[in-house]
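Q: Please find entry06.tsv (TSV, C-alpha atoms) on the next line:
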chain	number	residue	atom	x	y	z
X	1	LEU	CA	-0.83	-19.76	0.49
X	2	LEU	CA	-0.75	-16.01	-0.15
X	3	ALA	CA	-2.13	-15.50	3.33
X	4	ALA	CA	0.71	-17.61	4.71
X	5	LEU	CA	3.24	-15.59	2.74
X	6	MET	CA	1.69	-12.37	3.98
X	7	LEU	CA	1.92	-13.80	7.46
X	8	THR	CA	5.61	-14.29	6.88
X	9	GLY	CA	5.75	-10.59	6.16
X	10	MET	CA	3.71	-9.85	9.26
X	11	LEU	CA	6.09	-11.90	11.33
X	12	ALA	CA	8.97	-9.88	9.92
X	13	VAL	CA	7.14	-6.71	10.97
X	14	ALA	CA	6.67	-8.23	14.42
X	15	GLU	CA	10.39	-9.03	14.50
X	16	THR	CA	11.08	-5.38	13.69
X	17	ALA	CA	8.89	-4.45	16.64
X	18	ASP	CA	10.94	-6.87	18.74
X	19	GLN	CA	14.05	-4.86	17.97
X	20	ASP	CA	12.22	-1.90	19.51
X	21	GLY	CA	11.65	-3.85	22.70
X	22	ALA	CA	8.31	-5.51	21.91
X	23	GLU	CA	7.75	-9.22	22.45
X	24	ALA	CA	8.62	-11.27	19.28
X	25	ASN	CA	6.21	-14.19	19.81
X	26	PRO	CA	3.42	-12.74	21.91
X	27	SER	CA	0.89	-14.97	23.60
X	28	TYR	CA	-2.73	-14.68	22.52
X	29	ASP	CA	-3.44	-12.64	25.65
X	30	ILE	CA	-1.69	-9.67	24.04
X	31	VAL	CA	-4.50	-9.40	21.45
X	32	TYR	CA	-6.95	-8.70	24.27
X	33	SER	CA	-4.68	-6.27	26.09
X	34	SER	CA	-3.86	-2.59	25.66
X	35	ASN	CA	-0.55	-3.73	24.07
X	36	ASN	CA	-2.35	-5.36	21.10
X	37	PRO	CA	0.13	-5.02	18.18
X	38	ILE	CA	-2.40	-5.74	15.41
X	39	PRO	CA	-3.68	-2.16	14.84
X	40	GLU	CA	-0.13	-0.78	14.49
X	41	ILE	CA	0.94	-3.60	12.16
X	42	ALA	CA	-2.23	-3.21	10.07
X	43	GLU	CA	-1.70	0.54	9.78
X	44	ARG	CA	1.84	0.04	8.49
X	45	VAL	CA	1.12	-2.90	6.16
X	46	ARG	CA	-2.35	-2.23	4.66
X	47	PRO	CA	-1.04	0.33	2.09
X	48	ALA	CA	1.20	-2.43	0.62
X	49	ILE	CA	-1.71	-4.85	0.04
X	50	VAL	CA	-3.49	-4.30	-3.28
X	51	GLN	CA	-6.59	-5.59	-5.03
X	52	LEU	CA	-5.25	-7.37	-8.10
X	53	ASN	CA	-7.60	-7.22	-11.09
X	54	THR	CA	-6.92	-9.61	-13.95
X	55	LYS	CA	-8.04	-9.21	-17.56
X	56	GLN	CA	-7.82	-11.26	-20.72
X	57	GLU	CA	-7.51	-9.81	-24.19
X	58	SER	CA	-9.41	-11.57	-26.99
X	59	TRP	CA	-10.06	-11.00	-30.65
X	60	ASP	CA	-13.32	-11.78	-32.44
X	61	PRO	CA	-12.47	-12.99	-35.96
X	62	ALA	CA	-16.02	-12.27	-37.19
X	63	THR	CA	-16.11	-8.62	-36.12
X	64	ARG	CA	-12.33	-8.14	-36.14
X	65	LEU	CA	-12.64	-6.29	-32.84
X	66	ALA	CA	-10.43	-6.74	-29.82
X	67	GLN	CA	-11.97	-7.01	-26.38
X	68	VAL	CA	-10.61	-6.92	-22.87
X	69	ASN	CA	-12.64	-8.91	-20.35
X	70	GLU	CA	-12.14	-9.04	-16.62
X	71	VAL	CA	-11.44	-12.64	-15.63
X	72	GLY	CA	-10.89	-12.40	-11.91
X	73	GLY	CA	-9.08	-10.83	-9.04
X	74	GLY	CA	-7.42	-11.38	-5.72
X	75	SER	CA	-4.91	-9.90	-3.34
X	76	ALA	CA	-1.25	-9.13	-3.92
X	77	CYS	CA	1.41	-7.60	-1.71
X	78	TYR	CA	4.22	-5.19	-2.47
X	79	ILE	CA	7.39	-7.06	-1.47
X	80	ARG	CA	10.37	-5.27	-2.99
X	81	SER	CA	11.46	-2.03	-4.65
X	82	ILE	CA	13.31	-2.05	-7.94
X	83	GLU	CA	17.01	-1.56	-7.25
X	84	GLY	CA	18.77	1.45	-8.72
X	85	ASP	CA	17.32	4.74	-9.86
X	86	GLU	CA	14.22	3.31	-11.54
X	87	PRO	CA	11.08	3.76	-9.38
X	88	GLY	CA	8.82	0.75	-9.12
X	89	GLY	CA	8.60	-2.59	-7.42
X	90	TYR	CA	7.46	-6.19	-7.30
X	91	MET	CA	4.18	-7.74	-6.17
X	92	LEU	CA	3.64	-11.27	-4.89
X	93	THR	CA	0.38	-13.13	-5.47
X	94	ASN	CA	-0.93	-16.63	-6.12
X	95	TYR	CA	-0.40	-18.09	-9.56
X	96	HIS	CA	-4.00	-19.36	-9.75
X	97	VAL	CA	-5.15	-15.72	-9.54
X	98	VAL	CA	-3.19	-14.67	-12.65
X	99	LYS	CA	-2.83	-17.85	-14.73
X	100	ASP	CA	-5.75	-17.18	-17.11
X	101	ALA	CA	-4.99	-13.48	-17.60
X	102	ASP	CA	-2.66	-11.44	-19.77
X	103	ALA	CA	-3.27	-7.94	-18.34
X	104	TYR	CA	-3.11	-6.93	-14.67
X	105	THR	CA	-3.85	-3.83	-12.60
X	106	ALA	CA	-3.32	-3.13	-8.92
X	107	LEU	CA	-5.84	-1.06	-6.97
X	108	TRP	CA	-4.01	0.46	-4.01
X	109	LEU	CA	-5.53	1.33	-0.64
X	110	ASP	CA	-5.61	5.05	-1.55
X	111	GLY	CA	-7.62	4.31	-4.73
X	112	SER	CA	-4.71	4.65	-7.17
X	113	GLU	CA	-4.42	2.15	-10.03
X	114	THR	CA	-1.15	0.79	-11.42
X	115	ASP	CA	-0.55	-1.44	-14.43
X	116	LEU	CA	1.47	-4.59	-13.74
X	117	GLU	CA	3.39	-7.07	-15.84
X	118	GLN	CA	3.96	-10.70	-14.87
X	119	VAL	CA	7.68	-11.42	-14.56
X	120	GLY	CA	7.68	-14.92	-13.10
X	121	TYR	CA	5.65	-17.73	-11.61
X	122	ASP	CA	5.86	-21.21	-10.15
X	123	ASP	CA	2.65	-23.17	-10.63
X	124	GLY	CA	3.92	-25.93	-8.31
X	125	SER	CA	4.01	-23.61	-5.31
X	126	ASP	CA	1.17	-21.40	-6.67
X	127	ILE	CA	3.28	-18.22	-6.61
X	128	ALA	CA	3.49	-15.41	-9.17
X	129	VAL	CA	5.55	-12.20	-9.22
X	130	LEU	CA	4.41	-9.04	-11.00
X	131	LYS	CA	6.31	-5.81	-11.61
X	132	PHE	CA	5.10	-2.20	-11.59
X	133	LYS	CA	6.79	1.00	-12.69
X	134	GLY	CA	6.63	4.32	-10.90
X	135	GLU	CA	6.35	5.27	-7.25
X	136	ALA	CA	4.18	3.22	-4.91
X	137	PRO	CA	1.26	5.48	-3.93
X	138	GLY	CA	-0.12	6.29	-0.51
X	139	GLY	CA	3.16	5.87	1.34
X	140	ALA	CA	3.20	2.11	0.67
X	141	GLN	CA	6.45	0.45	1.65
X	142	PRO	CA	7.54	-3.10	0.75
X	143	ILE	CA	6.51	-5.69	3.31
X	144	PRO	CA	9.62	-7.20	4.92
X	145	MET	CA	9.76	-10.91	4.27
X	146	GLY	CA	10.31	-13.23	7.18
X	147	ASP	CA	11.74	-16.74	7.31
X	148	SER	CA	8.96	-19.25	6.68
X	149	ASP	CA	11.22	-22.03	7.99
X	150	ALA	CA	11.04	-20.35	11.40
X	151	LEU	CA	7.23	-20.56	11.59
X	152	ARG	CA	5.75	-22.81	14.24
X	153	ILE	CA	2.28	-24.33	14.33
X	154	GLY	CA	0.16	-22.40	16.81
X	155	GLU	CA	1.87	-19.02	16.37
X	156	LEU	CA	-0.27	-15.90	16.18
X	157	ALA	CA	-0.89	-14.77	12.59
X	158	ILE	CA	-2.28	-11.61	11.01
X	159	ILE	CA	-3.90	-11.77	7.57
X	160	ILE	CA	-4.56	-8.69	5.43
X	161	GLY	CA	-6.31	-9.03	2.09
X	162	ASN	CA	-9.22	-8.13	-0.16
X	163	PRO	CA	-11.88	-10.85	-0.01
X	164	GLY	CA	-14.66	-10.72	-2.57
X	165	THR	CA	-14.93	-9.88	-6.27
X	166	GLY	CA	-16.15	-7.07	-8.52
X	167	ASP	CA	-17.96	-4.35	-6.58
X	168	GLU	CA	-18.25	-6.62	-3.54
X	169	VAL	CA	-14.63	-6.43	-2.32
X	170	PHE	CA	-13.92	-5.84	1.36
X	171	PHE	CA	-10.76	-3.85	0.69
X	172	GLY	CA	-7.93	-4.02	3.22
X	173	SER	CA	-9.64	-6.49	5.56
X	174	VAL	CA	-7.64	-7.52	8.63
X	175	THR	CA	-8.11	-10.62	10.71
X	176	ALA	CA	-6.02	-12.73	13.06
X	177	GLY	CA	-5.68	-16.41	13.80
X	178	ILE	CA	-3.04	-19.05	14.25
X	179	ILE	CA	-0.67	-20.94	11.98
X	180	SER	CA	-2.62	-24.18	11.59
X	181	GLY	CA	-0.15	-26.25	9.58
X	182	LEU	CA	3.13	-26.21	7.69
X	183	GLU	CA	4.37	-27.79	4.44
X	184	ARG	CA	1.05	-29.40	3.60
X	185	GLU	CA	1.10	-31.44	0.40
X	186	GLY	CA	-1.68	-32.38	-1.97
X	187	VAL	CA	-3.55	-29.09	-1.61
X	188	ASN	CA	-5.17	-28.16	-4.92
X	189	ALA	CA	-5.01	-24.39	-5.50
X	190	ASP	CA	-8.17	-24.57	-7.65
X	191	ASN	CA	-10.12	-25.30	-4.46
X	192	PHE	CA	-9.20	-21.92	-2.98
X	193	SER	CA	-11.44	-18.92	-3.53
X	194	HIS	CA	-9.85	-15.81	-4.99
Would you write out, as structure tokens, the structure that this file holds?
A:
Amino acid sequence: LLAALMLTGMLAVAETADQDGAEANPSYDIVYSSNNPIPEIAERVRPAIVQLNTKQESWDPATRLAQVNEVGGGSACYIRSIEGDEPGGYMLTNYHVVKDADAYTALWLDGSETDLEQVGYDDGSDIAVLKFKGEAPGGAQPIPMGDSDALRIGELAIIIGNPGTGDEVFFGSVTAGIISGLEREGVNADNFSH
């Protein structure tokens, strides 16, 4: 689902390119041509995709010591700046990535780390929103959100994320494919890998 939401952002980037005279819904042939838009889109969007690391705080009643254990990770994308004079912004991720955690950090493409706080979620649609304070590092800009109702099965899609866990993360990976389905029901988020 996060990939589909990121695709929505990618489509918005493609629509921005359309305003500059590029084709809005290119055929697959464009990927194999000198006009391939994927490298330019990836260059602009990759800084806004973070590795989300999730932690859980626990307390051992026998030792009376607090511990923080890493419980997972996944990808998140920077979708909006905080309005007003306060620097910071909002991240979008999947709820199943953050549901068992109570502390969150974002690892940006440039290697910077930022603490996050969860500000909302919807377990039914498997979406969570996190907030960070301060400037986004590495020139990261919010990903423009597109209109998911305008998606059509078979459209070209670009997916940017951080597959893997721990020290085995392929940070900022880019791939392309097609929109294979819309509004699917009965998909259990626990079956997805992080």
Q: Pick the closest to Asp149 (chain X) from X:Gly172, X:Glu183, X:Ile127, X:Lys133: which is it, counting only C-alpha atoms?
A: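 So, comparing all the options, the nearest one is X:Glu183.
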Q: Show me, as a VMD selection string, the residues that have an atom within 8 Å of Thr114 (chain X) when counting all atoms listed in the file, minus same-chain residues fewer than 5 positions from it.
A: chain X and resid 105 to 108 132
Q: May I ask for the distance between CA of Tyr90 (chain X) and CA of Glu117 (chain X), given in Å to one decimal place?
A: 9.5 Å
Q: So which one's closest to Asp167 (chain X), X:Gly124, X:Gly146, X:Gly73, X:Gly134? Using all atoms listed in the file, please.
A: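 With all atoms listed in the file as the atom set, the closest residue is X:Gly73.
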Q: What gap, in Å, lies between CA of Glu113 (chain X) and CA of Ser125 (chain X)?
A: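 Computing it gives 27.5 Å between the two atoms.
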Q: Which one is closest to Leu130 (chain X): X:Phe170, X:Tyr104, X:Trp59, X:Tyr32? Count all atoms listed in the file.
A: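 Answer, going by the shortest atom-to-atom distance: X:Tyr104.
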